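Below is query29.tsv, holding TSV, N, CA and C atoms.
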chain	number	residue	atom	x	y	z
A	172	GLN	N	3.45	18.41	9.43
A	172	GLN	CA	2.64	17.72	8.45
A	172	GLN	C	3.31	16.40	8.08
A	173	LEU	N	2.52	15.35	8.09
A	173	LEU	CA	3.03	14.03	7.71
A	173	LEU	C	3.11	13.94	6.20
A	174	GLN	N	4.21	13.41	5.70
A	174	GLN	CA	4.39	13.25	4.26
A	174	GLN	C	4.72	11.79	3.95
A	175	LEU	N	4.19	11.31	2.83
A	175	LEU	CA	4.42	9.94	2.40
A	175	LEU	C	4.94	9.95	0.96
A	176	VAL	N	5.95	9.15	0.71
A	176	VAL	CA	6.53	9.05	-0.63
A	176	VAL	C	6.66	7.59	-1.01
A	177	GLU	N	6.02	7.22	-2.13
A	177	GLU	CA	6.12	5.86	-2.64
A	177	GLU	C	7.30	5.75	-3.61
A	178	SER	N	7.86	4.56	-3.68
A	178	SER	CA	8.91	4.27	-4.64
A	178	SER	C	8.92	2.78	-4.93
A	179	GLY	N	9.65	2.40	-5.97
A	179	GLY	CA	9.79	0.99	-6.29
A	179	GLY	C	8.96	0.49	-7.45
A	180	GLY	N	8.14	1.35	-8.01
A	180	GLY	CA	7.35	0.93	-9.15
A	180	GLY	C	8.20	0.74	-10.39
A	181	GLY	N	7.59	0.18	-11.42
A	181	GLY	CA	8.30	-0.02	-12.67
A	181	GLY	C	7.58	-0.98	-13.58
A	182	LEU	N	8.31	-1.42	-14.60
A	182	LEU	CA	7.78	-2.37	-15.58
A	182	LEU	C	8.31	-3.76	-15.25
A	183	VAL	N	7.42	-4.73	-15.19
A	183	VAL	CA	7.82	-6.09	-14.88
A	183	VAL	C	6.98	-7.05	-15.72
A	184	GLN	N	7.56	-8.19	-16.03
A	184	GLN	CA	6.83	-9.19	-16.81
A	184	GLN	C	5.86	-9.96	-15.92
A	185	PRO	N	4.82	-10.52	-16.51
A	185	PRO	CA	3.91	-11.36	-15.73
A	185	PRO	C	4.68	-12.47	-15.03
A	186	GLY	N	4.32	-12.70	-13.76
A	186	GLY	CA	5.02	-13.68	-12.95
A	186	GLY	C	6.19	-13.11	-12.18
A	187	GLY	N	6.55	-11.88	-12.47
A	187	GLY	CA	7.67	-11.24	-11.81
A	187	GLY	C	7.29	-10.63	-10.46
A	188	SER	N	8.27	-9.96	-9.86
A	188	SER	CA	8.09	-9.38	-8.52
A	188	SER	C	8.57	-7.94	-8.49
A	189	LEU	N	7.96	-7.18	-7.60
A	189	LEU	CA	8.40	-5.83	-7.27
A	189	LEU	C	8.19	-5.61	-5.79
A	190	ARG	N	9.00	-4.73	-5.21
A	190	ARG	CA	8.76	-4.32	-3.83
A	190	ARG	C	8.58	-2.81	-3.80
A	191	LEU	N	7.42	-2.40	-3.38
A	191	LEU	CA	7.13	-0.98	-3.22
A	191	LEU	C	7.49	-0.53	-1.80
A	192	SER	N	7.92	0.71	-1.71
A	192	SER	CA	8.23	1.30	-0.41
A	192	SER	C	7.39	2.55	-0.21
A	193	CYS	N	6.99	2.77	1.01
A	193	CYS	CA	6.27	3.97	1.41
A	193	CYS	C	7.05	4.58	2.58
A	194	THR	N	7.74	5.67	2.33
A	194	THR	CA	8.57	6.29	3.35
A	194	THR	C	7.86	7.50	3.93
A	195	VAL	N	7.81	7.53	5.24
A	195	VAL	CA	7.09	8.56	5.98
A	195	VAL	C	8.09	9.58	6.52
A	196	SER	N	7.74	10.85	6.44
A	196	SER	CA	8.61	11.89	6.96
A	196	SER	C	7.76	13.05	7.48
A	197	GLY	N	8.44	14.06	8.01
A	197	GLY	CA	7.73	15.21	8.55
A	197	GLY	C	7.39	15.00	10.01
A	198	VAL	N	6.21	15.47	10.41
A	198	VAL	CA	5.75	15.31	11.78
A	198	VAL	C	5.11	13.92	11.89
A	199	ILE	N	5.87	12.95	12.39
A	199	ILE	CA	5.42	11.56	12.41
A	199	ILE	C	4.75	11.27	13.75
A	200	PRO	N	3.50	10.83	13.73
A	200	PRO	CA	2.82	10.52	15.00
A	200	PRO	C	3.39	9.27	15.65
A	201	ASP	N	3.09	9.11	16.93
A	201	ASP	CA	3.58	7.92	17.64
A	201	ASP	C	2.97	6.65	17.05
A	202	TYR	N	1.75	6.76	16.57
A	202	TYR	CA	1.07	5.59	15.99
A	202	TYR	C	0.49	5.97	14.64
A	203	TYR	N	0.75	5.18	13.64
A	203	TYR	CA	0.08	5.38	12.37
A	203	TYR	C	-0.05	4.04	11.64
A	204	ALA	N	-1.21	3.83	11.10
A	204	ALA	CA	-1.46	2.67	10.25
A	204	ALA	C	-1.30	3.10	8.80
A	205	ILE	N	-0.93	2.14	7.96
A	205	ILE	CA	-0.69	2.43	6.55
A	205	ILE	C	-1.56	1.53	5.68
A	206	GLY	N	-2.10	2.10	4.65
A	206	GLY	CA	-2.82	1.33	3.65
A	206	GLY	C	-2.20	1.52	2.28
A	207	TRP	N	-2.25	0.48	1.49
A	207	TRP	CA	-1.83	0.56	0.09
A	207	TRP	C	-3.09	0.47	-0.78
A	208	PHE	N	-3.14	1.33	-1.77
A	208	PHE	CA	-4.28	1.39	-2.68
A	208	PHE	C	-3.75	1.44	-4.10
A	209	ARG	N	-4.60	1.12	-5.04
A	209	ARG	CA	-4.19	1.22	-6.44
A	209	ARG	C	-5.36	1.69	-7.29
A	210	GLN	N	-5.02	2.31	-8.40
A	210	GLN	CA	-6.04	2.77	-9.33
A	210	GLN	C	-5.54	2.57	-10.75
A	211	ALA	N	-6.28	1.78	-11.49
A	211	ALA	CA	-5.98	1.55	-12.89
A	211	ALA	C	-6.80	2.52	-13.74
A	212	PRO	N	-6.34	2.82	-14.95
A	212	PRO	CA	-7.08	3.76	-15.82
A	212	PRO	C	-8.51	3.31	-16.03
A	213	GLY	N	-9.43	4.21	-15.81
A	213	GLY	CA	-10.83	3.92	-16.02
A	213	GLY	C	-11.50	3.10	-14.94
A	214	LYS	N	-10.76	2.82	-13.87
A	214	LYS	CA	-11.31	2.01	-12.78
A	214	LYS	C	-11.31	2.79	-11.48
A	215	GLU	N	-12.12	2.34	-10.56
A	215	GLU	CA	-12.16	2.97	-9.25
A	215	GLU	C	-10.93	2.55	-8.43
A	216	ARG	N	-10.62	3.40	-7.45
A	216	ARG	CA	-9.53	3.07	-6.54
A	216	ARG	C	-9.87	1.80	-5.76
A	217	GLU	N	-8.87	0.97	-5.56
A	217	GLU	CA	-9.06	-0.30	-4.87
A	217	GLU	C	-8.10	-0.41	-3.69
A	218	GLY	N	-8.60	-0.82	-2.55
A	218	GLY	CA	-7.74	-1.09	-1.42
A	218	GLY	C	-7.00	-2.39	-1.63
A	219	VAL	N	-5.69	-2.40	-1.41
A	219	VAL	CA	-4.87	-3.57	-1.65
A	219	VAL	C	-4.48	-4.27	-0.35
A	220	SER	N	-3.95	-3.48	0.60
A	220	SER	CA	-3.49	-4.06	1.85
A	220	SER	C	-3.36	-2.96	2.88
A	221	CYS	N	-3.35	-3.35	4.14
A	221	CYS	CA	-3.16	-2.38	5.22
A	221	CYS	C	-2.43	-3.07	6.36
A	222	ILE	N	-1.78	-2.25	7.19
A	222	ILE	CA	-1.02	-2.78	8.32
A	222	ILE	C	-1.18	-1.86	9.51
A	223	SER	N	-1.24	-2.45	10.69
A	223	SER	CA	-1.41	-1.66	11.90
A	223	SER	C	-0.10	-0.97	12.28
A	224	GLY	N	-0.20	-0.06	13.25
A	224	GLY	CA	0.98	0.66	13.70
A	224	GLY	C	2.04	-0.23	14.30
A	225	SER	N	1.61	-1.30	14.94
A	225	SER	CA	2.57	-2.24	15.54
A	225	SER	C	3.12	-3.23	14.54
A	226	GLY	N	2.43	-3.36	13.42
A	226	GLY	CA	2.82	-4.36	12.43
A	226	GLY	C	2.23	-5.73	12.71
A	227	GLY	N	1.50	-5.84	13.81
A	227	GLY	CA	0.98	-7.15	14.20
A	227	GLY	C	-0.30	-7.55	13.51
A	228	ASN	N	-0.96	-6.61	12.87
A	228	ASN	CA	-2.20	-6.89	12.16
A	228	ASN	C	-2.10	-6.38	10.72
A	229	SER	N	-2.67	-7.14	9.82
A	229	SER	CA	-2.68	-6.73	8.43
A	229	SER	C	-3.88	-7.35	7.73
A	230	ASN	N	-4.19	-6.81	6.59
A	230	ASN	CA	-5.32	-7.30	5.83
A	230	ASN	C	-5.02	-7.14	4.34
A	231	TYR	N	-5.65	-7.98	3.53
A	231	TYR	CA	-5.39	-7.96	2.10
A	231	TYR	C	-6.69	-8.08	1.31
A	232	ALA	N	-6.70	-7.46	0.16
A	232	ALA	CA	-7.80	-7.69	-0.76
A	232	ALA	C	-7.73	-9.13	-1.28
A	233	ASP	N	-8.87	-9.71	-1.57
A	233	ASP	CA	-8.90	-11.09	-2.06
A	233	ASP	C	-8.06	-11.25	-3.32
A	234	SER	N	-8.02	-10.21	-4.13
A	234	SER	CA	-7.32	-10.28	-5.42
A	234	SER	C	-5.80	-10.41	-5.28
A	235	VAL	N	-5.27	-10.11	-4.09
A	235	VAL	CA	-3.81	-10.17	-3.92
A	235	VAL	C	-3.37	-11.13	-2.83
A	236	LYS	N	-4.31	-11.73	-2.13
A	236	LYS	CA	-3.96	-12.66	-1.05
A	236	LYS	C	-3.09	-13.79	-1.58
A	237	GLY	N	-2.03	-14.08	-0.83
A	237	GLY	CA	-1.13	-15.14	-1.24
A	237	GLY	C	-0.05	-14.69	-2.19
A	238	ARG	N	-0.19	-13.48	-2.74
A	238	ARG	CA	0.83	-12.96	-3.67
A	238	ARG	C	1.53	-11.72	-3.11
A	239	PHE	N	0.82	-10.90	-2.37
A	239	PHE	CA	1.38	-9.66	-1.82
A	239	PHE	C	1.60	-9.81	-0.31
A	240	THR	N	2.65	-9.16	0.18
A	240	THR	CA	2.93	-9.15	1.61
A	240	THR	C	3.29	-7.74	2.05
A	241	ILE	N	2.60	-7.27	3.07
A	241	ILE	CA	2.88	-5.95	3.62
A	241	ILE	C	3.72	-6.09	4.89
A	242	SER	N	4.63	-5.16	5.09
A	242	SER	CA	5.47	-5.18	6.29
A	242	SER	C	5.93	-3.76	6.57
A	243	ARG	N	6.51	-3.56	7.75
A	243	ARG	CA	6.98	-2.23	8.08
A	243	ARG	C	8.28	-2.30	8.86
A	244	ASP	N	9.11	-1.29	8.68
A	244	ASP	CA	10.35	-1.13	9.41
A	244	ASP	C	10.32	0.27	10.00
A	245	ASP	N	9.92	0.38	11.24
A	245	ASP	CA	9.75	1.68	11.85
A	245	ASP	C	11.07	2.40	12.08
A	246	ALA	N	12.16	1.67	12.15
A	246	ALA	CA	13.46	2.32	12.27
A	246	ALA	C	13.78	3.13	11.02
A	247	LYS	N	13.20	2.72	9.91
A	247	LYS	CA	13.40	3.42	8.65
A	247	LYS	C	12.17	4.21	8.25
A	248	ASN	N	11.16	4.21	9.10
A	248	ASN	CA	9.90	4.92	8.79
A	248	ASN	C	9.37	4.50	7.41
A	249	THR	N	9.43	3.22	7.15
A	249	THR	CA	9.06	2.72	5.82
A	249	THR	C	8.15	1.50	5.93
A	250	VAL	N	7.15	1.47	5.08
A	250	VAL	CA	6.26	0.33	4.93
A	250	VAL	C	6.47	-0.23	3.53
A	251	TYR	N	6.54	-1.54	3.44
A	251	TYR	CA	6.82	-2.20	2.18
A	251	TYR	C	5.60	-2.99	1.70
A	252	LEU	N	5.53	-3.13	0.39
A	252	LEU	CA	4.54	-4.02	-0.21
A	252	LEU	C	5.31	-4.90	-1.19
A	253	GLN	N	5.54	-6.13	-0.76
A	253	GLN	CA	6.21	-7.11	-1.63
A	253	GLN	C	5.16	-7.75	-2.52
A	254	MET	N	5.36	-7.63	-3.83
A	254	MET	CA	4.38	-8.13	-4.79
A	254	MET	C	5.03	-9.22	-5.63
A	255	ASN	N	4.51	-10.43	-5.50
A	255	ASN	CA	5.03	-11.57	-6.24
A	255	ASN	C	3.98	-12.09	-7.21
A	256	ASN	N	4.45	-12.88	-8.17
A	256	ASN	CA	3.55	-13.48	-9.17
A	256	ASN	C	2.61	-12.42	-9.76
A	257	LEU	N	3.19	-11.34	-10.20
A	257	LEU	CA	2.39	-10.23	-10.70
A	257	LEU	C	1.65	-10.61	-11.97
A	258	LYS	N	0.46	-10.04	-12.11
A	258	LYS	CA	-0.41	-10.30	-13.24
A	258	LYS	C	-0.69	-8.97	-13.96
A	259	SER	N	-1.14	-9.08	-15.18
A	259	SER	CA	-1.43	-7.86	-15.94
A	259	SER	C	-2.48	-7.01	-15.24
A	260	GLU	N	-3.40	-7.65	-14.56
A	260	GLU	CA	-4.44	-6.90	-13.86
A	260	GLU	C	-3.94	-6.16	-12.63
A	261	ASP	N	-2.68	-6.37	-12.26
A	261	ASP	CA	-2.09	-5.59	-11.16
A	261	ASP	C	-1.56	-4.24	-11.64
A	262	THR	N	-1.58	-4.02	-12.94
A	262	THR	CA	-1.12	-2.75	-13.49
A	262	THR	C	-1.98	-1.60	-12.98
A	263	ALA	N	-1.34	-0.62	-12.37
A	263	ALA	CA	-2.05	0.51	-11.77
A	263	ALA	C	-1.04	1.47	-11.17
A	264	VAL	N	-1.54	2.63	-10.77
A	264	VAL	CA	-0.76	3.52	-9.91
A	264	VAL	C	-1.04	3.10	-8.47
A	265	TYR	N	0.02	2.88	-7.73
A	265	TYR	CA	-0.10	2.44	-6.35
A	265	TYR	C	0.17	3.61	-5.40
A	266	TYR	N	-0.69	3.76	-4.43
A	266	TYR	CA	-0.59	4.82	-3.45
A	266	TYR	C	-0.53	4.24	-2.04
A	267	CYS	N	0.22	4.90	-1.16
A	267	CYS	CA	0.11	4.57	0.25
A	267	CYS	C	-0.54	5.75	0.98
A	268	ALA	N	-1.18	5.43	2.07
A	268	ALA	CA	-1.90	6.42	2.84
A	268	ALA	C	-1.80	6.07	4.32
A	269	SER	N	-1.97	7.07	5.18
A	269	SER	CA	-1.85	6.83	6.62
A	269	SER	C	-3.09	7.32	7.36
A	270	ARG	N	-3.28	6.75	8.52
A	270	ARG	CA	-4.31	7.21	9.45
A	270	ARG	C	-3.88	6.85	10.86
A	271	ASN	N	-4.59	7.34	11.86
A	271	ASN	CA	-4.12	7.18	13.24
A	271	ASN	C	-4.76	6.03	13.99
A	272	TYR	N	-5.38	5.10	13.26
A	272	TYR	CA	-5.89	3.90	13.90
A	272	TYR	C	-5.94	2.78	12.89
A	273	TYR	N	-6.09	1.56	13.38
A	273	TYR	CA	-6.18	0.41	12.48
A	273	TYR	C	-7.50	-0.32	12.71
A	274	SER	N	-8.06	-0.79	11.60
A	274	SER	CA	-9.27	-1.60	11.69
A	274	SER	C	-9.35	-2.49	10.48
A	275	ASP	N	-9.59	-3.80	10.71
A	275	ASP	CA	-9.82	-4.69	9.59
A	275	ASP	C	-11.11	-4.32	8.86
A	276	TYR	N	-12.03	-3.71	9.59
A	276	TYR	CA	-13.35	-3.45	9.02
A	276	TYR	C	-13.30	-2.48	7.85
A	277	ASP	N	-12.53	-1.39	8.02
A	277	ASP	CA	-12.50	-0.39	6.95
A	277	ASP	C	-11.09	-0.05	6.50
A	278	GLY	N	-10.14	-0.90	6.83
A	278	GLY	CA	-8.75	-0.63	6.50
A	278	GLY	C	-8.46	-0.54	5.02
A	279	LEU	N	-9.33	-1.12	4.20
A	279	LEU	CA	-9.12	-1.09	2.76
A	279	LEU	C	-10.01	-0.05	2.08
A	280	LEU	N	-10.58	0.83	2.88
A	280	LEU	CA	-11.40	1.92	2.33
A	280	LEU	C	-10.60	3.21	2.37
A	281	GLY	N	-10.38	3.80	1.23
A	281	GLY	CA	-9.54	4.98	1.15
A	281	GLY	C	-10.09	6.18	1.90
A	282	GLU	N	-11.42	6.23	2.02
A	282	GLU	CA	-12.03	7.38	2.67
A	282	GLU	C	-11.60	7.53	4.12
A	283	ALA	N	-11.10	6.46	4.71
A	283	ALA	CA	-10.73	6.49	6.12
A	283	ALA	C	-9.34	7.05	6.36
A	284	TYR	N	-8.59	7.36	5.30
A	284	TYR	CA	-7.20	7.78	5.45
A	284	TYR	C	-7.06	9.29	5.23
A	285	SER	N	-6.13	9.87	5.97
A	285	SER	CA	-6.01	11.33	5.97
A	285	SER	C	-4.84	11.86	5.15
A	286	HIS	N	-3.78	11.11	5.03
A	286	HIS	CA	-2.60	11.57	4.31
A	286	HIS	C	-2.25	10.57	3.21
A	287	TRP	N	-1.86	11.11	2.04
A	287	TRP	CA	-1.62	10.28	0.87
A	287	TRP	C	-0.29	10.64	0.20
A	288	GLY	N	0.34	9.63	-0.39
A	288	GLY	CA	1.50	9.88	-1.23
A	288	GLY	C	1.09	10.23	-2.64
A	289	GLN	N	2.08	10.44	-3.48
A	289	GLN	CA	1.81	10.88	-4.85
A	289	GLN	C	1.62	9.71	-5.82
A	290	GLY	N	1.98	8.52	-5.40
A	290	GLY	CA	1.77	7.33	-6.23
A	290	GLY	C	3.00	6.90	-6.99
A	291	THR	N	3.04	5.61	-7.32
A	291	THR	CA	4.11	5.05	-8.16
A	291	THR	C	3.48	4.09	-9.15
A	292	GLN	N	3.93	4.13	-10.39
A	292	GLN	CA	3.32	3.33	-11.44
A	292	GLN	C	3.89	1.92	-11.45
A	293	VAL	N	3.00	0.95	-11.50
A	293	VAL	CA	3.38	-0.45	-11.68
A	293	VAL	C	2.75	-0.93	-12.97
A	294	THR	N	3.57	-1.42	-13.88
A	294	THR	CA	3.09	-1.94	-15.15
A	294	THR	C	3.56	-3.37	-15.31
A	295	VAL	N	2.60	-4.27	-15.48
A	295	VAL	CA	2.90	-5.68	-15.67
A	295	VAL	C	2.57	-6.04	-17.11
A	296	SER	N	3.60	-6.30	-17.88
A	296	SER	CA	3.39	-6.55	-19.30
A	296	SER	C	4.58	-7.32	-19.87
A	297	SER	N	4.28	-8.15	-20.85
A	297	SER	CA	5.35	-8.86	-21.54
A	297	SER	C	5.83	-8.09	-22.76
Take the structure in the file and give it back as structure tokens.
Amino acid sequence: QLQLVESGGGLVQPGGSLRLSCTVSGVIPDYYAIGWFRQAPGKEREGVSCISGSGGNSNYADSVKGRFTISRDDAKNTVYLQMNNLKSEDTAVYYCASRNYYSDYDGLLGEAYSHWGQGTQVTVSS
């Protein structure tokens, strides 16, 4: 069974930065794409970013383009989400999820992913 664990969340002031990590363990497939999602209280889950198994393709929600960067280090079985210039509206629980293919078309749709982490809280506040 594939397992995902997020880390790196916390409290940060507006304009600050955080780097989230998604570490994969267990029965790891040869290919897996990763998506990052977030959910704020009272709001629907939102796709934030996704990356292909090779790392050569990625996609971002319009709300985070230019501020967030997704990357992966397969030697460490870890996918990162570097978040810069954070805003109060970025406050949410952030989740990573995996699936066995990549597509720009539905990469930011949570329904397409099969395995999920437990989430990490990001709070942006002064």
Nearest to A:Leu175, chosen from A:Tyr231, A:Gly197, A:Asp245, A:Tyr251, with only C-alpha atoms counted in the distances: A:Gly197
Close residues, A:Gly213 itself excluded, 12 Å, only C-alpha atoms, min 3 positions apart in chain, as a ChimeraX atom specification: /A:209-210,216,263-264
Just to be explicit: take each residue in the selection above, keep N, CA and C atoms, and write the result as a PDB file, keeping the file's coordinate frame.
ATOM      1  N   ARG A 209      -4.600   1.120  -5.040  1.00  0.00           N
ATOM      2  CA  ARG A 209      -4.190   1.220  -6.440  1.00  0.00           C
ATOM      3  C   ARG A 209      -5.360   1.690  -7.290  1.00  0.00           C
ATOM      4  N   GLN A 210      -5.020   2.310  -8.400  1.00  0.00           N
ATOM      5  CA  GLN A 210      -6.040   2.770  -9.330  1.00  0.00           C
ATOM      6  C   GLN A 210      -5.540   2.570 -10.750  1.00  0.00           C
ATOM      7  N   ARG A 216     -10.620   3.400  -7.450  1.00  0.00           N
ATOM      8  CA  ARG A 216      -9.530   3.070  -6.540  1.00  0.00           C
ATOM      9  C   ARG A 216      -9.870   1.800  -5.760  1.00  0.00           C
ATOM     10  N   ALA A 263      -1.340  -0.620 -12.370  1.00  0.00           N
ATOM     11  CA  ALA A 263      -2.050   0.510 -11.770  1.00  0.00           C
ATOM     12  C   ALA A 263      -1.040   1.470 -11.170  1.00  0.00           C
ATOM     13  N   VAL A 264      -1.540   2.630 -10.770  1.00  0.00           N
ATOM     14  CA  VAL A 264      -0.760   3.520  -9.910  1.00  0.00           C
ATOM     15  C   VAL A 264      -1.040   3.100  -8.470  1.00  0.00           C
TER      16      VAL A 264
END
Closest of A:Arg238, A:Met254, A:Ala268, A:Gln172 to A:Trp207 - atom-to-atom distances counting only N, CA and C atoms: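 Among A:Arg238, A:Met254, A:Ala268, A:Gln172, it is A:Ala268 that comes nearest to A:Trp207.
Using all atoms listed in the file, the nearest neighbour of A:Pro185 within the list A:Cys267, A:Ala232, A:Val293, A:Leu257 is A:Leu257.
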Test item: residues at most 7 Å from A:Gly281, all atoms listed in the file, excluding those fewer than 4 positions along its chain, as number ranges by chain: A: 217-218, 277, 285
Backbone DSSP call of strand (DSSP E or B) for chain A, listed as an NGL selection string: :A and (173-178 or 181-183 or 189-197 or 204-210 or 217-222 or 229-231 or 239-244 or 249-254 or 263-270 or 286-287 or 291-295)
Atom pair atom CA of A:Gly278 / atom CA of A:Leu173: separation (Å): 18.8 Å
Pick from A:Leu189, A:Leu279, A:Ala211, A:Leu182 nearest to A:Ser296, counting only C-alpha atoms: A:Leu182
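Interatomic distance, atom CA of A:Val295 against atom N of A:Tyr276: 29.4 Å.
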Ref. answer, residues at most 7 Å from (2.1, -12.9, -5.5) with all atoms listed in the file, as a PyMOL selection string: chain A and resi 235-240+253-257
Within-6 Å shell of (3.3, 4.7, -7.5) in input frame, all atoms listed in the file, as a tab-separated table (two decimals) with N, CA and C atoms, in the frame of the given file:
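Result file follows (selection-v2.tsv):
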chain	number	residue	atom	x	y	z
A	177	GLU	N	6.02	7.22	-2.13
A	177	GLU	CA	6.12	5.86	-2.64
A	177	GLU	C	7.30	5.75	-3.61
A	178	SER	N	7.86	4.56	-3.68
A	178	SER	CA	8.91	4.27	-4.64
A	178	SER	C	8.92	2.78	-4.93
A	180	GLY	N	8.14	1.35	-8.01
A	180	GLY	CA	7.35	0.93	-9.15
A	180	GLY	C	8.20	0.74	-10.39
A	264	VAL	N	-1.54	2.63	-10.77
A	264	VAL	CA	-0.76	3.52	-9.91
A	264	VAL	C	-1.04	3.10	-8.47
A	265	TYR	N	0.02	2.88	-7.73
A	265	TYR	CA	-0.10	2.44	-6.35
A	265	TYR	C	0.17	3.61	-5.40
A	266	TYR	N	-0.69	3.76	-4.43
A	266	TYR	CA	-0.59	4.82	-3.45
A	266	TYR	C	-0.53	4.24	-2.04
A	289	GLN	N	2.08	10.44	-3.48
A	289	GLN	CA	1.81	10.88	-4.85
A	289	GLN	C	1.62	9.71	-5.82
A	290	GLY	N	1.98	8.52	-5.40
A	290	GLY	CA	1.77	7.33	-6.23
A	290	GLY	C	3.00	6.90	-6.99
A	291	THR	N	3.04	5.61	-7.32
A	291	THR	CA	4.11	5.05	-8.16
A	291	THR	C	3.48	4.09	-9.15
A	292	GLN	N	3.93	4.13	-10.39
A	292	GLN	CA	3.32	3.33	-11.44
A	292	GLN	C	3.89	1.92	-11.45
A	293	VAL	N	3.00	0.95	-11.50
A	293	VAL	CA	3.38	-0.45	-11.68
A	293	VAL	C	2.75	-0.93	-12.97
From A:Cys193, A:Val176, A:Cys221, A:Ile199, residue lying nearest A:Tyr273 [only C-alpha atoms]: A:Cys221
Distance of atom C of A:Ser242 from atom N of A:Asn230, expressed in Å to one decimal place: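 That distance, rounded to one decimal, is 10.6 Å.
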Nearby residues (only N, CA and C atoms) at most 6.5 Å from A:Tyr284, same-chain spacing under 2 positions excluded, as a ChimeraX atom specification: /A:268-270,280-282,286-287
Selected residue, from A:Ser234, A:Asn248, A:Ser192, A:Ser259, that lies nearest to A:Thr294 when counting all atoms listed in the file: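 Nearest to A:Thr294: A:Ser259.
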Stretch 190-209 of chain A, all listed atoms, 3 Å padding on each side: what axis-aligned box centre and edge lengths in Å to one decimal come out, as AutoDock Vina command-line options?
--center_x 1.8 --center_y 5.4 --center_z 5.2 --size_x 20.4 --size_y 26.2 --size_z 30.9
Secondary structure check, helix (DSSP H, G or I) residues of chain A, as a PyMOL selection string: chain A and resi 259-261+281-283
